[in-house]
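*Asks:* Sharing a structure, written as structure tokens. Questions coming.
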Amino acid sequence: MKHFQIAFLGGGPGGYVGALRAAQLGLSVALVETDRVGGTCLNRGCIPTKTLVKSAEVLREIQRAEEFGISVEAPVVDFAQVMARKDNIVSTLLGGIGKLLKESNVQIIEGFGEFKQPGCLEVKTKNGSEIITADHIVLATGSVPIRIPIPGADLPGVITSDEILTDTSLPEQLVIIGGGVIGLEFASIYQAFGVKVTVVEMLPSILPNGDEEVSKRLIPLLKRSGIDILTKTAVKEIRNEDRLVIVVEDNKGSREILANKVLLATGRRPNLQGIDVEGLGLQTERGAIVVNRQMQTNLPNVYAIGDVVGGIMLAHVASTEGIIAVEHIAGHSVEMDYRAIPSVSFTHPEVATVGITEQELKTKGTKYKVSKFPYSANGMALALGESIGNVKLLTDEQGVILGASILGFQASTLIHELALAVEMKLLGKDLAHMVHAHPTLSEIIMEAAHGIDGKPLHLA
């Protein structure tokens, strides 16, 4: 029986990053992982999908080449090669993480880990079972896709985000159930590759957790690209005939949509498999483990991080929570702060948000100021041929930046200047007076900041 100062149950972006930080602090660390380190993010989520996003982006650039004075032949998509590139990148990163963990003396134990008694993990390995003990246990078991309870949800061809990333063929028609981040990213990817895509969302708008104005602006842009979007629409049934028949219903009645594949993108739920919640007396709420700002559960010396605690299910949140948990175990005075968490949707165009949204400010009755600046008034955006979108800043009456959203090219990169502004409670004038290089897309942020207490310089 081996003993460690910290044992992580789960090797995703929360578990493995926490393990690396624990090793840096000189602690003995075990990492129990059923599948492969990196979790959903590296193997079935963030990284694989971004390789597809890039392939789709290259295809769109080629299709627009004549706008830039370049003539090319019609491109041909080799989707099997697109997926092979994805697999190669995942393997490269997987090897890098494994090497980091090994060089950091983190002991990786491959197998299904069970947490049934305090201070102890039982791991079912290929060769039997192994028991390890630890002073502190960190639960980082992640989440799993939700399969909605509708007739036909278990039919062949009805898949989740896990399965679609292993399919090397392109369907002619794809229906995506769910208009959140996952569904819309896949919609943008597969539309670029020539697939007829329909997104069905039960709520009044897409990206329901983001800025309402951005969501409303994104819908016509996605429709213009060729994606059908049905909001306020419920899926009642899926049947298997010559093709899949999806029966949907809105306030006008019901109708049928045909598809070769149906992607269930209706969210994810915390994965508590292997954790004896009742036997341990572990506190949960709506299926998620309850923690405080130091990521402590109600059980002594037991922490939980990442998707298993619910809340903001993002890889970078899990990683940060992992660091917070480890540093607290090591005696540091730390706590998790969720005020300035950037969130990105890799749609076409991209969407990024940070901080509080305008609808949240309205709900709270908070007085605030808004400033916007369009991509179309930025020199670099025009030079790049990316004039669609804008930056939106929200501040309190004193000009302190509370939140921001970006719709447009490279929003995923630009949002971090605004994340720092929210984190540091900067004023709009702080960003306005900071010198931004010219010509850059970052000047859009500067111009929006000028609009907080005055007027943007390059907008009539």
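Letters A, B, ... mark the chains of the structure tokens in the order given; residue numbers begin at 1 per chain; ligand numbers begin at 1, in order shown.
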May I have the residues within 6 Å of segment 133-148 of chain A as a ChimeraX atom specification, using only C-alpha atoms and disregarding those fewer than 4 positions away in the same chain?
*Replies:* /A:3-10,15,119-120,267-271,301-305,307-308
*Asks:* Tell me, which residues of segment 84-175 of chain A carry DSSP alpha helix (DSSP H), written as a PyMOL selection string?
*Replies:* chain A and resi 84-103+161-164
*Asks:* From a DSSP calculation on the backbone, collect every residue of segment 29-78 of chain A in strand (DSSP E) and output the set as a ChimeraX atom specification.
*Replies:* /A:29-33
*Asks:* Could you tell me which of A:Val32, A:Ala448, A:Leu407, A:Ala56 comes closest to Phe112 of chain A if we count only C-alpha atoms?
*Replies:* A:Val32
*Asks:* Would you mind reading off the distance between atom CA of Leu402 of chain A and atom CA of Val370 of chain A, one decimal, in Å?
*Replies:*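 Value for the atom CA of Leu402 of chain A-atom CA of Val370 of chain A distance: 10.4 Å.
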*Asks:* Using only C-alpha atoms, find the one residue out of A:Ala383, A:Leu101, A:Val76, A:Val214 that sits nearest to Ser405 of chain A.
*Replies:*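 Checking each candidate against Ser405 of chain A, we get A:Val214 as the closest.
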*Asks:* List as a tab-separated table every residue of segment 399-455 of chain A that is in contact with segment 335-340 of chain A, defined as an atom at most 9 Å from one of its atoms (using only C-alpha atoms), together with the nearest atom pair and the distance in Å rounded to one decimal, sorted by chain and then rising number.
*Replies:*
residue	atom	partner	partner_atom	distance
A:Leu402	CA	A:Arg339	CA	8.7
A:Gly403	CA	A:Ala340	CA	8.2
A:Leu418	CA	A:Ala340	CA	8.7
A:Ala419	CA	A:Ala340	CA	5.5
A:Leu420	CA	A:Ala340	CA	7.5
A:Ala421	CA	A:Ala340	CA	8.6
A:Val422	CA	A:Ala340	CA	5.7
A:Glu423	CA	A:Ala340	CA	5.4
*Asks:* If you keep C-alpha atoms, can you produce a file of those selected residues as a compact mmCIF listing (two decimals), in the first residue's frame?
*Replies:*
# COMPACT_ATOMS: atom_id res chain seq x y z
CA LEU A 402 -17.49 45.19 -14.65
CA GLY A 403 -17.85 43.09 -17.77
CA LEU A 418 -10.57 42.87 -20.64
CA ALA A 419 -10.29 39.92 -18.25
CA LEU A 420 -7.29 41.67 -16.67
CA ALA A 421 -9.30 44.89 -16.51
CA VAL A 422 -12.14 43.16 -14.64
CA GLU A 423 -9.70 41.30 -12.37
*Asks:* Kindly indicate which residue among A:Arg21, A:Lys2, A:Lys86, A:Lys124 lies nearest to Glu321 of chain A, using only C-alpha atoms for the distances.
*Replies:*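 Closest to Glu321 of chain A of all the choices is A:Arg21.
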*Asks:* Which polymer residues have any atom within 9 Å of an atom of Glu443 of chain A, counting only C-alpha atoms, with same-chain residues fewer than 6 positions away left out, as a list in words?
*Replies:*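 Here the answer would be Asn378, Met380, His436 and Ala437 of chain A.
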*Asks:* Could you write out that same residue set with N, CA and C atoms as a short mmCIF file (atom, residue, chain, number, x, y, z; two decimals), in the first residue's frame?
*Replies:*
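This is the output file out38.cif:
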data_model
loop_
_atom_site.label_atom_id
_atom_site.label_comp_id
_atom_site.auth_asym_id
_atom_site.auth_seq_id
_atom_site.Cartn_x
_atom_site.Cartn_y
_atom_site.Cartn_z
N ASN A 378 -12.18 49.79 -37.63
CA ASN A 378 -10.79 49.51 -37.26
C ASN A 378 -9.98 49.15 -38.50
N MET A 380 -7.06 47.58 -38.96
CA MET A 380 -6.54 46.22 -39.07
C MET A 380 -7.64 45.24 -39.42
N HIS A 436 -1.88 51.61 -27.32
CA HIS A 436 -2.09 50.38 -28.08
C HIS A 436 -1.36 50.50 -29.42
N ALA A 437 -0.66 49.46 -29.81
CA ALA A 437 0.06 49.48 -31.08
C ALA A 437 -0.91 49.63 -32.25
#
*Asks:* What's the 12 Å shell around Val277 of chain A, counting only C-alpha atoms, without same-chain residues fewer than 2 positions away, as a PyMOL selection string?
*Replies:* chain A and resi 114-118+139+271-275+279-285+287-290+297-299
